[in-house]
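What follows is the content of protein-v1.cif (mmCIF, C-alpha atoms and all ligand atoms).
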data_target
#
loop_
_atom_site.label_atom_id
_atom_site.label_comp_id
_atom_site.auth_asym_id
_atom_site.auth_seq_id
_atom_site.Cartn_x
_atom_site.Cartn_y
_atom_site.Cartn_z
CA MET A 1 -51.24 -53.23 48.52
CA PRO A 2 -47.65 -54.35 47.80
CA SER A 3 -44.92 -53.35 50.25
CA GLN A 4 -41.96 -51.12 49.38
CA SER A 5 -39.78 -54.25 49.07
CA ASN A 6 -41.88 -55.49 46.16
CA THR A 7 -39.56 -54.37 43.41
CA VAL A 8 -40.42 -55.12 39.79
CA LEU A 9 -37.72 -55.01 37.14
CA VAL A 10 -39.32 -54.20 33.79
CA THR A 11 -36.90 -54.77 30.93
CA GLY A 12 -37.84 -52.92 27.74
CA GLY A 13 -39.63 -50.60 30.15
CA ALA A 14 -39.26 -47.49 27.99
CA GLY A 15 -41.18 -49.07 25.11
CA PHE A 16 -44.89 -48.85 24.42
CA ILE A 17 -46.18 -51.58 26.76
CA GLY A 18 -43.44 -51.04 29.34
CA PHE A 19 -44.21 -47.35 29.73
CA ASN A 20 -47.90 -48.10 30.37
CA LEU A 21 -47.11 -51.08 32.59
CA ILE A 22 -44.66 -49.24 34.84
CA LYS A 23 -47.06 -46.34 35.41
CA GLU A 24 -49.74 -48.85 36.43
CA LEU A 25 -47.35 -50.83 38.69
CA VAL A 26 -46.24 -47.65 40.45
CA GLY A 27 -49.89 -46.58 40.78
CA ARG A 28 -50.60 -49.91 42.48
CA GLY A 29 -47.78 -49.36 45.01
CA TYR A 30 -44.88 -51.32 43.50
CA PHE A 31 -41.35 -49.98 43.14
CA ALA A 32 -40.28 -50.31 39.52
CA ILE A 33 -36.93 -50.44 37.81
CA CYS A 34 -37.17 -49.54 34.14
CA LEU A 35 -34.31 -51.17 32.24
CA ASP A 36 -33.90 -50.39 28.56
CA ASP A 37 -31.13 -49.90 26.00
CA LEU A 38 -33.26 -47.22 24.28
CA SER A 39 -32.76 -48.93 20.91
CA CYS A 40 -36.41 -48.29 20.09
CA GLY A 41 -37.93 -46.98 23.31
CA PRO A 42 -38.04 -43.17 23.47
CA ARG A 43 -35.70 -41.30 25.81
CA GLU A 44 -38.70 -39.19 26.91
CA HIS A 45 -40.41 -42.28 28.33
CA ALA A 46 -37.30 -43.21 30.32
CA ASP A 47 -36.98 -39.64 31.64
CA GLU A 48 -40.66 -39.43 32.59
CA LEU A 49 -40.51 -42.75 34.45
CA ASP A 50 -37.23 -41.83 36.16
CA ARG A 51 -38.93 -38.73 37.58
CA LEU A 52 -41.49 -40.90 39.42
CA ALA A 53 -40.68 -41.30 43.12
CA LYS A 54 -41.09 -45.09 42.92
CA CYS A 55 -39.22 -45.76 39.71
CA ARG A 56 -35.67 -45.54 38.50
CA PHE A 57 -34.23 -45.97 35.03
CA ILE A 58 -31.17 -48.03 34.12
CA ARG A 59 -29.75 -48.00 30.61
CA HIS A 60 -28.64 -51.54 29.87
CA ASP A 61 -28.69 -54.11 27.08
CA VAL A 62 -30.25 -57.42 28.23
CA VAL A 63 -27.75 -59.32 26.10
CA GLU A 64 -25.27 -58.46 28.90
CA PRO A 65 -25.72 -60.07 32.36
CA ILE A 66 -27.03 -57.93 35.20
CA ASP A 67 -27.43 -58.38 38.96
CA LEU A 68 -30.06 -56.41 40.88
CA GLU A 69 -32.09 -57.01 44.01
CA VAL A 70 -35.59 -57.64 42.65
CA ASP A 71 -38.73 -59.59 43.53
CA PHE A 72 -40.30 -59.74 40.07
CA ILE A 73 -38.95 -59.48 36.53
CA ILE A 74 -41.16 -58.68 33.56
CA ASN A 75 -39.17 -59.16 30.38
CA LEU A 76 -40.42 -56.94 27.56
CA ALA A 77 -37.00 -56.23 26.05
CA CYS A 78 -37.22 -56.92 22.33
CA PRO A 79 -38.15 -54.78 19.34
CA ALA A 80 -41.78 -55.66 18.59
CA SER A 81 -42.62 -53.83 15.37
CA PRO A 82 -41.79 -55.85 12.20
CA PRO A 83 -39.71 -53.03 10.61
CA ALA A 84 -37.80 -52.63 13.89
CA TYR A 85 -37.08 -56.31 14.52
CA GLN A 86 -36.15 -56.95 10.88
CA ARG A 87 -33.65 -54.06 10.81
CA ASP A 88 -31.01 -56.09 12.71
CA PRO A 89 -32.37 -59.65 12.76
CA ILE A 90 -29.29 -61.21 14.37
CA LYS A 91 -29.50 -58.77 17.27
CA THR A 92 -33.23 -59.48 17.56
CA THR A 93 -32.67 -63.22 18.02
CA LEU A 94 -29.82 -62.63 20.47
CA THR A 95 -31.89 -60.15 22.45
CA SER A 96 -34.61 -62.75 23.01
CA VAL A 97 -32.32 -65.72 23.62
CA LEU A 98 -29.37 -64.23 25.54
CA GLY A 99 -31.67 -61.72 27.21
CA ILE A 100 -33.90 -64.39 28.74
CA ARG A 101 -30.89 -66.52 29.72
CA ASN A 102 -29.48 -63.56 31.70
CA LEU A 103 -32.85 -62.79 33.28
CA LEU A 104 -33.48 -66.44 34.19
CA GLU A 105 -30.08 -66.47 35.93
CA LEU A 106 -31.10 -63.31 37.79
CA ALA A 107 -34.44 -64.91 38.75
CA ARG A 108 -32.63 -68.05 39.90
CA THR A 109 -30.00 -66.31 42.03
CA ARG A 110 -32.39 -63.74 43.53
CA GLY A 111 -35.41 -66.03 43.89
CA ALA A 112 -37.49 -63.63 41.80
CA ARG A 113 -40.58 -64.55 39.77
CA LEU A 114 -40.17 -63.91 36.04
CA VAL A 115 -42.89 -63.02 33.53
CA GLN A 116 -41.96 -63.31 29.87
CA ALA A 117 -43.62 -61.25 27.12
CA SER A 118 -43.96 -63.97 24.53
CA THR A 119 -46.14 -63.48 21.50
CA SER A 120 -48.86 -64.78 19.22
CA GLU A 121 -46.04 -64.93 16.63
CA VAL A 122 -44.97 -68.25 18.18
CA TYR A 123 -48.01 -69.60 16.28
CA GLY A 124 -46.59 -68.18 13.01
CA ASP A 125 -49.08 -68.28 10.13
CA PRO A 126 -51.53 -70.44 12.07
CA LEU A 127 -53.29 -73.49 10.70
CA GLU A 128 -55.51 -73.62 13.80
CA HIS A 129 -58.04 -70.85 14.37
CA PRO A 130 -58.55 -69.38 16.91
CA GLN A 131 -55.21 -70.16 18.51
CA LYS A 132 -55.12 -72.13 21.78
CA GLU A 133 -51.94 -72.39 23.86
CA SER A 134 -51.72 -76.09 22.92
CA TYR A 135 -51.15 -75.24 19.23
CA PHE A 136 -47.51 -75.85 18.21
CA GLY A 137 -47.44 -73.20 15.48
CA ASN A 138 -46.40 -72.84 11.87
CA VAL A 139 -43.25 -70.73 11.60
CA ASN A 140 -40.93 -70.40 8.60
CA THR A 141 -37.47 -70.65 10.19
CA MET A 142 -35.86 -69.17 7.05
CA GLY A 143 -38.07 -66.10 6.61
CA PRO A 144 -37.56 -62.47 7.66
CA ARG A 145 -39.91 -62.82 10.66
CA ALA A 146 -38.04 -65.85 12.05
CA CYS A 147 -35.61 -63.72 14.08
CA TYR A 148 -38.56 -62.55 16.16
CA ASP A 149 -40.69 -65.70 16.13
CA GLU A 150 -37.89 -68.21 16.73
CA GLY A 151 -36.16 -65.94 19.25
CA LYS A 152 -39.38 -65.85 21.28
CA ARG A 153 -39.92 -69.61 20.85
CA CYS A 154 -36.38 -70.38 22.03
CA ALA A 155 -36.86 -67.99 24.97
CA GLU A 156 -39.95 -69.99 25.96
CA THR A 157 -37.95 -73.23 25.74
CA LEU A 158 -35.25 -71.83 28.05
CA ILE A 159 -37.96 -70.78 30.50
CA TYR A 160 -39.57 -74.22 30.59
CA ASP A 161 -36.15 -75.87 31.08
CA TYR A 162 -35.08 -73.44 33.83
CA SER A 163 -38.41 -74.13 35.51
CA ARG A 164 -37.95 -77.93 35.30
CA ILE A 165 -34.23 -78.04 36.10
CA HIS A 166 -33.69 -75.11 38.47
CA GLY A 167 -37.21 -74.60 39.80
CA VAL A 168 -37.35 -70.99 38.60
CA ASP A 169 -40.81 -69.49 39.15
CA ALA A 170 -41.69 -68.24 35.66
CA ARG A 171 -44.79 -67.21 33.70
CA VAL A 172 -45.29 -66.90 29.95
CA ALA A 173 -47.77 -64.44 28.43
CA ARG A 174 -48.42 -64.94 24.73
CA ILE A 175 -49.43 -61.41 23.84
CA PHE A 176 -51.60 -60.69 20.79
CA ASN A 177 -51.63 -57.34 18.92
CA THR A 178 -51.82 -54.54 21.46
CA TYR A 179 -52.32 -50.83 20.79
CA GLY A 180 -52.88 -47.57 22.63
CA PRO A 181 -51.31 -44.34 23.84
CA GLY A 182 -47.54 -44.55 24.22
CA MET A 183 -46.88 -45.93 20.73
CA ARG A 184 -44.38 -44.03 18.62
CA ILE A 185 -45.51 -42.09 15.57
CA ASP A 186 -42.90 -43.98 13.55
CA ASP A 187 -43.41 -47.38 15.24
CA GLY A 188 -44.36 -49.00 11.92
CA ARG A 189 -47.17 -51.26 13.17
CA VAL A 190 -50.65 -51.14 11.72
CA VAL A 191 -52.42 -49.09 14.39
CA SER A 192 -49.91 -46.25 14.53
CA ASN A 193 -49.38 -46.26 10.76
CA PHE A 194 -53.08 -46.06 9.91
CA ILE A 195 -53.96 -43.43 12.51
CA VAL A 196 -51.00 -41.21 11.68
CA GLN A 197 -51.61 -41.57 7.93
CA ALA A 198 -55.31 -40.78 8.36
CA LEU A 199 -54.63 -37.75 10.56
CA ARG A 200 -52.16 -36.43 8.01
CA GLY A 201 -54.53 -37.05 5.09
CA GLU A 202 -52.00 -39.42 3.50
CA ASP A 203 -52.84 -42.71 1.82
CA VAL A 204 -53.51 -45.52 4.29
CA THR A 205 -51.10 -48.29 3.24
CA ILE A 206 -52.43 -51.85 3.19
CA TYR A 207 -49.85 -54.58 2.57
CA GLY A 208 -51.60 -57.21 0.44
CA ASP A 209 -55.34 -57.54 -0.17
CA GLY A 210 -56.40 -56.38 3.30
CA LEU A 211 -58.11 -59.66 4.11
CA HIS A 212 -55.57 -60.58 6.79
CA THR A 213 -57.09 -60.46 10.24
CA ARG A 214 -55.81 -59.31 13.60
CA SER A 215 -57.39 -59.05 17.05
CA MET A 216 -56.53 -55.79 18.77
CA CYS A 217 -56.21 -55.46 22.53
CA PHE A 218 -56.19 -52.07 24.26
CA VAL A 219 -53.04 -51.57 26.31
CA ASP A 220 -54.85 -51.01 29.65
CA ASP A 221 -56.45 -54.46 29.33
CA LEU A 222 -53.12 -56.07 28.46
CA VAL A 223 -51.33 -54.39 31.37
CA ASP A 224 -54.01 -55.64 33.75
CA GLY A 225 -53.56 -59.18 32.38
CA LEU A 226 -49.77 -59.02 32.80
CA ILE A 227 -50.07 -57.85 36.41
CA ARG A 228 -52.62 -60.56 37.20
CA LEU A 229 -50.23 -63.13 35.73
CA MET A 230 -47.35 -61.74 37.81
CA GLU A 231 -49.40 -61.79 41.02
CA SER A 232 -51.19 -65.10 40.47
CA ALA A 233 -50.26 -67.86 42.87
CA GLU A 234 -51.73 -70.55 40.61
CA ALA A 235 -50.80 -69.61 37.05
CA GLY A 236 -47.61 -71.71 36.80
CA VAL A 237 -45.24 -71.81 33.86
CA ALA A 238 -47.71 -72.96 31.17
CA PRO A 239 -48.28 -70.22 28.57
CA VAL A 240 -51.35 -67.95 28.71
CA ASN A 241 -52.77 -66.11 25.71
CA LEU A 242 -53.48 -62.43 26.44
CA GLY A 243 -55.42 -60.66 23.72
CA ASN A 244 -58.81 -59.46 22.60
CA PRO A 245 -60.76 -62.14 20.71
CA ARG A 246 -62.60 -59.60 18.52
CA GLU A 247 -61.14 -60.21 15.06
CA ILE A 248 -61.10 -57.63 12.27
CA SER A 249 -59.67 -57.64 8.76
CA VAL A 250 -56.99 -55.08 7.93
CA VAL A 251 -59.23 -53.40 5.34
CA ASP A 252 -62.14 -53.10 7.79
CA PHE A 253 -59.70 -51.70 10.31
CA ALA A 254 -58.44 -49.13 7.78
CA GLU A 255 -62.02 -48.04 7.05
CA LEU A 256 -62.80 -47.78 10.76
CA VAL A 257 -59.75 -45.58 11.37
CA ILE A 258 -60.58 -43.35 8.39
CA ALA A 259 -64.18 -42.95 9.61
CA MET A 260 -63.21 -42.31 13.24
CA THR A 261 -60.57 -39.71 12.34
CA GLY A 262 -62.95 -38.00 9.86
CA SER A 263 -60.14 -38.25 7.32
CA SER A 264 -60.26 -37.89 3.54
CA SER A 265 -57.42 -40.41 3.18
CA ARG A 266 -57.70 -43.12 0.57
CA ILE A 267 -56.52 -46.69 0.81
CA ALA A 268 -53.37 -47.65 -1.14
CA TYR A 269 -52.73 -51.35 -1.73
CA LEU A 270 -49.03 -52.28 -1.58
CA PRO A 271 -47.36 -55.68 -2.00
CA GLU A 272 -47.95 -58.18 0.77
CA ALA A 273 -45.39 -58.51 3.58
CA VAL A 274 -43.35 -61.73 3.46
CA ASP A 275 -44.72 -64.52 5.71
CA ASP A 276 -47.45 -62.23 7.03
CA PRO A 277 -49.78 -64.37 9.17
CA HIS A 278 -53.19 -64.53 7.46
CA LEU A 279 -55.37 -64.97 10.54
CA ARG A 280 -54.93 -64.24 14.21
CA ARG A 281 -57.37 -64.56 17.08
CA PRO A 282 -56.65 -65.72 20.62
CA ASP A 283 -58.58 -68.37 22.48
CA ILE A 284 -58.52 -66.81 25.97
CA THR A 285 -60.23 -69.62 27.88
CA ARG A 286 -57.12 -70.24 29.97
CA ALA A 287 -56.70 -66.56 30.90
CA GLN A 288 -60.37 -66.43 31.89
CA GLU A 289 -60.08 -69.55 34.05
CA VAL A 290 -56.67 -68.99 35.66
CA LEU A 291 -56.53 -65.19 35.90
CA ARG A 292 -60.24 -64.35 35.71
CA TRP A 293 -59.15 -61.92 33.01
CA ARG A 294 -60.81 -60.78 29.83
CA PRO A 295 -60.48 -57.54 27.89
CA ARG A 296 -62.96 -54.81 28.85
CA VAL A 297 -62.24 -52.02 26.35
CA ALA A 298 -64.15 -52.08 23.05
CA LEU A 299 -62.09 -51.43 19.92
CA GLU A 300 -63.95 -48.19 19.16
CA ASP A 301 -63.34 -46.84 22.69
CA GLY A 302 -59.66 -47.78 22.67
CA LEU A 303 -59.25 -46.28 19.20
CA ARG A 304 -60.89 -43.01 20.26
CA GLU A 305 -58.32 -42.66 23.03
CA THR A 306 -55.45 -43.67 20.76
CA ILE A 307 -56.49 -41.24 18.02
CA ALA A 308 -56.61 -38.41 20.58
CA TYR A 309 -53.13 -39.41 21.76
CA PHE A 310 -51.71 -39.36 18.22
CA ARG A 311 -53.37 -35.98 17.49
CA GLY A 312 -51.43 -34.65 20.49
CA GLN A 313 -48.19 -36.28 19.35
CA LEU A 314 -48.51 -34.84 15.85
CA ALA A 315 -49.28 -31.37 17.21
CA GLU A 316 -46.18 -31.58 19.45
CA ALA A 317 -44.04 -32.83 16.57
CA ALA A 318 -45.27 -29.98 14.37
CA VAL A 319 -44.43 -27.43 17.05
CA SER A 320 -40.94 -28.81 17.69
CA GLY A 321 -40.29 -29.25 13.98
CA LEU A 322 -39.74 -32.99 14.39
CA HIS A 323 -41.97 -33.98 11.51
CA GLN A 324 -41.27 -37.63 10.70
CA GLY A 325 -43.03 -39.41 7.84
CA VAL A 326 -44.53 -42.87 8.30
CA LYS A 327 -43.23 -44.77 5.34
CA PRO A 328 -43.96 -48.35 4.31
CA VAL A 329 -40.85 -50.46 4.77
CA ASP A 330 -39.83 -51.92 1.42
CA ASP A 331 -37.78 -54.87 2.64
CA MET A 332 -40.82 -56.30 4.50
CA ARG A 333 -42.72 -56.85 1.29
CA SER A 334 -42.28 -59.35 -1.50
P1 LIG B 401 -41.52 -51.72 21.84
O1 LIG B 401 -40.67 -51.96 20.67
O2 LIG B 401 -42.32 -50.46 21.96
O3 LIG B 401 -40.67 -51.85 23.19
C1 LIG B 401 -39.59 -52.73 23.31
C2 LIG B 401 -38.57 -52.07 24.22
O4 LIG B 401 -37.47 -52.97 24.39
C3 LIG B 401 -37.98 -50.78 23.63
O5 LIG B 401 -38.06 -49.76 24.61
C4 LIG B 401 -36.55 -51.13 23.30
O6 LIG B 401 -35.67 -50.03 23.40
C5 LIG B 401 -36.26 -52.22 24.32
N1 LIG B 401 -35.18 -53.13 23.91
C6 LIG B 401 -35.01 -53.71 22.70
N2 LIG B 401 -33.89 -54.46 22.70
C7 LIG B 401 -33.35 -54.35 23.94
C8 LIG B 401 -32.19 -54.86 24.56
N3 LIG B 401 -31.34 -55.68 23.89
N4 LIG B 401 -31.94 -54.54 25.86
C9 LIG B 401 -32.76 -53.71 26.54
N5 LIG B 401 -33.88 -53.18 25.99
C10 LIG B 401 -34.17 -53.49 24.72
O7 LIG B 401 -42.51 -52.98 21.95
P2 LIG B 401 -43.83 -53.21 22.79
O8 LIG B 401 -44.98 -53.18 21.88
O9 LIG B 401 -43.82 -52.36 23.99
O10 LIG B 401 -43.62 -54.74 23.19
C11 LIG B 401 -43.02 -55.09 24.43
C12 LIG B 401 -42.83 -56.59 24.48
O11 LIG B 401 -44.08 -57.25 24.30
C13 LIG B 401 -41.89 -57.14 23.40
O12 LIG B 401 -41.08 -58.14 23.97
C14 LIG B 401 -42.82 -57.74 22.38
O13 LIG B 401 -42.23 -58.82 21.72
C15 LIG B 401 -43.99 -58.19 23.24
N6 LIG B 401 -45.23 -58.20 22.44
C16 LIG B 401 -45.83 -57.04 22.10
C17 LIG B 401 -46.98 -57.08 21.31
C18 LIG B 401 -47.69 -55.81 20.90
O14 LIG B 401 -48.66 -55.90 20.13
N7 LIG B 401 -47.32 -54.65 21.36
C19 LIG B 401 -47.50 -58.30 20.88
C20 LIG B 401 -46.82 -59.46 21.25
C21 LIG B 401 -45.70 -59.41 22.05
N1 LIG B 402 -50.14 -53.72 7.89
C1 LIG B 402 -50.59 -53.02 6.80
N2 LIG B 402 -50.14 -51.74 6.64
C2 LIG B 402 -49.28 -51.14 7.51
C3 LIG B 402 -48.81 -51.88 8.62
C4 LIG B 402 -49.25 -53.18 8.77
O1 LIG B 402 -51.37 -53.51 5.99
O2 LIG B 402 -48.95 -49.96 7.29
C5 LIG B 402 -50.65 -55.09 8.08
C6 LIG B 402 -49.59 -56.15 8.19
O3 LIG B 402 -49.18 -56.59 6.91
C7 LIG B 402 -50.33 -57.22 9.00
C8 LIG B 402 -51.22 -56.40 9.94
O4 LIG B 402 -51.36 -55.12 9.31
O5 LIG B 402 -51.15 -58.00 8.15
C9 LIG B 402 -50.63 -56.22 11.32
O6 LIG B 402 -49.33 -55.73 11.17
P1 LIG B 402 -48.43 -55.20 12.40
O7 LIG B 402 -47.13 -54.78 11.81
O8 LIG B 402 -49.18 -54.22 13.20
O9 LIG B 402 -48.24 -56.44 13.36
P2 LIG B 402 -48.05 -57.99 13.15
O10 LIG B 402 -49.32 -58.56 13.66
O11 LIG B 402 -47.84 -58.32 11.70
O12 LIG B 402 -46.86 -58.31 13.96
#

Since I need it in another form, could you write the structure as structure tokens?
Ligand code: NAD
Ligand code: UDP
Amino acid sequence: MPSQSNTVLVTGGAGFIGFNLIKELVGRGYFAICLDDLSCGPREHADELDRLAKCRFIRHDVVEPIDLEVDFIINLACPASPPAYQRDPIKTTLTSVLGIRNLLELARTRGARLVQASTSEVYGDPLEHPQKESYFGNVNTMGPRACYDEGKRCAETLIYDYSRIHGVDARVARIFNTYGPGMRIDDGRVVSNFIVQALRGEDVTIYGDGLHTRSMCFVDDLVDGLIRLMESAEAGVAPVNLGNPREISVVDFAELVIAMTGSSSRIAYLPEAVDDPHLRRPDITRAQEVLRWRPRVALEDGLRETIAYFRGQLAEAAVSGLHQGVKPVDDMRS
């Protein structure tokens, strides 16, 4: 059990993964600081976390330096949904690059261990399948996804250099698509879009022919992997894929969601998103060996829980009159 002095700073802590992660950290005895600029994390998450005895919330933009007494830093601060990170692409790149520079300085001066939320997007539209950590990736530096992909790649580079030059103790998790309770109704990613559309009886919007694949990891599994990485004495700075290797096409996923929600929704095919990766599946050998981690939650079980969560969110939104439509984002598609 960690002692009271084991303080974990979670940047982007009010977002989907951060909210789940901080609750788990506090449950395991850590003291957490949730730092977030609330640019896409909900205020309600920050308030709920701030009410916990072993958590406090700080509103701050990671682009600006910060000094805090901390033992661990988990950097999740970055918009993660394609519509969100493409809305202000310059800010997205700066958030990843300047954000990690500031947090590496904090880790260096405070002697804290840093865990970076990197991403499967560093592999771009991969030419190797499944993706191992040794794969260099295939990213279009000029495309609309580059702000996210290249920002995360540059953040990794800064981490490896701070580790080599300054001896900073850092870890890099390359996270693959993660879903679960705590996502926003209007997040814009495939899981929330499809479930919310199906529950509302609206068309389920597929961008392209639906043959793209993703591998979906339930958030509880991902959070467990992140904490193992943070606590591991052996992991070192080399990147570790965290994701669920079960691969599913977008159209099969749409049909699964429609069946599991009992919806009468139909599928609507819209133009393909620009530079959308065609295939994605993690090779998790390294996570299995170094962290003794693998996902435990089957897609159907995780989806059942996530559907129940969104039913609750929609009921609450209906009661409070905050009905927000989930709309496909035009500028993402060709
Ligand atoms: P999210 O968008 O729900 O949460 C991101 C949080 O970061 C939000 O609360 C937002 O307000 C905050 N934030 C954004 N810019 C900030 C800034 N400049 N300063 C401070 N806070 C800022 O995303 P998520 O799904 O919870 O993802 C968390 C992290 O994990 C991200 O870094 C993302 O790139 C990474 N990741 C997530 C997935 C996934 O499938 N969820 C996959 C790969 C990587
Ligand atoms: N997608 C879709 N309809 C949607 C949202 C997403 O067809 O309403 C597709 C998207 O084009 C991609 C996959 O689902 O092929 C996963 O998209 P998401 O935005 O969840 O995450 P990504 O893995 O692209 O970052």

As a PyMOL selection string, please: the residues near Arg281 of chain A (cut-off 7 Å, only C-alpha atoms, same-chain neighbours under 3 positions excluded). chain A and resi 129-131+214-215+245+247

Kindly indicate which residue among A:Asp61, A:Asp276, A:Asp187, A:Asp220 lies nearest to Ala84 of chain A, using all atoms listed in the file for the distances. A:Asp187

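With distances taken over all atoms listed in the file, A:Arg145 is the one residue among A:Lys132, A:Arg145, A:Arg43, A:Arg266 lying closest to Arg87 of chain A.
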
Considering only C-alpha atoms and all ligand atoms, tabulate each residue of chain A that lies at most 7 Å from ligand LIG 401 (chain B) along with its nearest interatomic pair and the corresponding distance in Å to one decimal; arrange the rows by chain and ascending residue number and present them as CSV.
residue,atom,partner,partner_atom,distance
A:Thr11,CA,B:LIG401,N5,6.0
A:Gly12,CA,B:LIG401,O4,3.4
A:Gly13,CA,B:LIG401,O5,5.8
A:Ala14,CA,B:LIG401,O5,4.2
A:Gly15,CA,B:LIG401,O5,3.2
A:Phe16,CA,B:LIG401,O9,3.7
A:Ile17,CA,B:LIG401,O9,3.7
A:Gly18,CA,B:LIG401,O9,5.5
A:Leu35,CA,B:LIG401,C9,6.4
A:Asp36,CA,B:LIG401,N5,3.8
A:Asp37,CA,B:LIG401,C9,4.2
A:Leu38,CA,B:LIG401,O6,3.8
A:Ser39,CA,B:LIG401,O6,4.0
A:Cys40,CA,B:LIG401,O6,3.8
A:Gly41,CA,B:LIG401,O5,3.1
A:Pro42,CA,B:LIG401,O5,6.7
A:His60,CA,B:LIG401,C9,5.7
A:Asp61,CA,B:LIG401,N4,3.5
A:Val62,CA,B:LIG401,N4,4.1
A:Val63,CA,B:LIG401,N3,5.6
A:Asn75,CA,B:LIG401,O12,6.8
A:Leu76,CA,B:LIG401,O12,3.8
A:Ala77,CA,B:LIG401,O4,3.7
A:Cys78,CA,B:LIG401,C6,3.9
A:Pro79,CA,B:LIG401,O1,4.0
A:Ala80,CA,B:LIG401,O7,4.4
A:Ser81,CA,B:LIG401,O1,5.9
A:Thr95,CA,B:LIG401,N3,4.7
A:Gly99,CA,B:LIG401,N3,6.9
A:Ala117,CA,B:LIG401,O11,4.9
A:Ser118,CA,B:LIG401,C21,5.5
A:Thr119,CA,B:LIG401,C20,4.1
A:Ser120,CA,B:LIG401,C20,6.0
A:Arg174,CA,B:LIG401,C20,6.7
A:Ile175,CA,B:LIG401,C20,4.2
A:Phe176,CA,B:LIG401,C19,4.7
A:Asn177,CA,B:LIG401,O14,3.5
A:Thr178,CA,B:LIG401,O14,3.7
A:Tyr179,CA,B:LIG401,O14,6.3
A:Met183,CA,B:LIG401,O2,6.5

Counting all atoms listed in the file, what are the residues of chain A within 9 Å of ligand LIG 402 (chain B), and for each of them which pair of atoms is the nearest and at what distance in Å, to one decimal? Sort the table by chain and rising number, as CSV.
residue,atom,partner,partner_atom,distance
A:Ala80,CA,B:LIG402,O12,7.4
A:Ser81,CA,B:LIG402,O7,5.8
A:Pro82,CA,B:LIG402,O7,5.5
A:Pro83,CA,B:LIG402,O7,7.7
A:Ser120,CA,B:LIG402,O10,8.4
A:Glu121,CA,B:LIG402,O12,7.2
A:Arg145,CA,B:LIG402,O12,8.9
A:Phe176,CA,B:LIG402,O10,7.8
A:Asn177,CA,B:LIG402,O10,5.9
A:Thr178,CA,B:LIG402,O8,8.7
A:Tyr179,CA,B:LIG402,O8,8.9
A:Asp187,CA,B:LIG402,O7,9.0
A:Gly188,CA,B:LIG402,C3,6.2
A:Arg189,CA,B:LIG402,O8,3.6
A:Val190,CA,B:LIG402,C3,3.7
A:Val191,CA,B:LIG402,O8,6.2
A:Ser192,CA,B:LIG402,O8,8.1
A:Asn193,CA,B:LIG402,O2,5.1
A:Phe194,CA,B:LIG402,O2,6.3
A:Gln197,CA,B:LIG402,O2,8.8
A:Val204,CA,B:LIG402,O2,7.0
A:Thr205,CA,B:LIG402,O2,4.9
A:Ile206,CA,B:LIG402,O1,3.4
A:Tyr207,CA,B:LIG402,O1,3.9
A:Gly208,CA,B:LIG402,O1,6.7
A:Asp209,CA,B:LIG402,O1,8.4
A:Gly210,CA,B:LIG402,O1,6.4
A:Leu211,CA,B:LIG402,O5,8.2
A:His212,CA,B:LIG402,O5,5.3
A:Thr213,CA,B:LIG402,O5,6.8
A:Arg214,CA,B:LIG402,C9,6.4
A:Ser215,CA,B:LIG402,O10,8.8
A:Ser249,CA,B:LIG402,O5,8.5
A:Val250,CA,B:LIG402,O4,5.8
A:Val251,CA,B:LIG402,O1,7.9
A:Ala254,CA,B:LIG402,O1,8.5
A:Tyr269,CA,B:LIG402,O1,8.1
A:Leu270,CA,B:LIG402,O1,8.0
A:Glu272,CA,B:LIG402,O3,6.5
A:Ala273,CA,B:LIG402,O3,5.4
A:Val274,CA,B:LIG402,O3,8.5
A:Asp276,CA,B:LIG402,O5,5.7
A:Pro277,CA,B:LIG402,O5,6.6
A:His278,CA,B:LIG402,O5,6.9
A:Leu279,CA,B:LIG402,O5,8.5
A:Arg280,CA,B:LIG402,O10,8.0
A:Val326,CA,B:LIG402,O2,8.4
A:Lys327,CA,B:LIG402,O2,8.0
A:Pro328,CA,B:LIG402,O2,6.0
A:Val329,CA,B:LIG402,O2,8.5
A:Met332,CA,B:LIG402,O3,8.7
A:Arg333,CA,B:LIG402,O3,8.6

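Across the model, the gap from atom CA of Thr261 of chain A to atom CA of Leu242 of chain A is 27.7 Å.
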
Just the residues within 10 Å of Leu52 of chain A, please, counting all atoms listed in the file, with nothing from its chain fewer than 5 positions along; format it as an NGL selection string. :A and (23 or 26 or 31-32 or 47 or 57)

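Residue nearest Cys217 of chain A within the list A:Asp252, A:Ile58, A:Ile195, A:Arg294: A:Arg294 [criterion: smallest interatomic distance, only C-alpha atoms].
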
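Relative to atom CA of Val139 of chain A, atom CA of Asp125 of chain A is found at 6.5 Å.
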
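Checking A:Leu199, A:Leu222, A:Met142, A:Val172 one by one against Leu314 of chain A, counting all atoms listed in the file, you find the shortest gap at A:Leu199.
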
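Comparing A:Met230, A:Pro271, A:Thr285, A:Asp203 by their smallest distance to Asn244 of chain A, the closest is A:Thr285 (using only C-alpha atoms).
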
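Computed from the coordinates, the atom CA of Ser96 of chain A to atom CA of Glu69 of chain A distance equals 21.9 Å.
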
From the list A:Ala317, A:Cys55, A:Cys147, A:Val219, which residue is nearest Gly180 of chain A when using all atoms listed in the file? A:Val219

As JSON, please: the centre and edge lengths in Å, to one decimal, of an axis-aligned box enclosing every listed atom of segment 234-244 of chain A with 8 Å added on each side.
{"center_x": -52.0, "center_y": -66.2, "center_z": 31.6, "size_x": 29.6, "size_y": 29.5, "size_z": 34.0}

Which polymer residues, protein or nucleic acid, are no farther than 9 Å from (-30.3, -59.5, 34.5), counting all atoms listed in the file, as an MDAnalysis selection string? chainID A and resid 11 62:68 73 99:107

Find the spatial neighbours of Leu299 of chain A, counting only C-alpha atoms, within a cut-off of 9 Å - ignore same-chain residues fewer than 6 positions away - and output them as a PyMOL selection string. chain A and resi 216-218+246
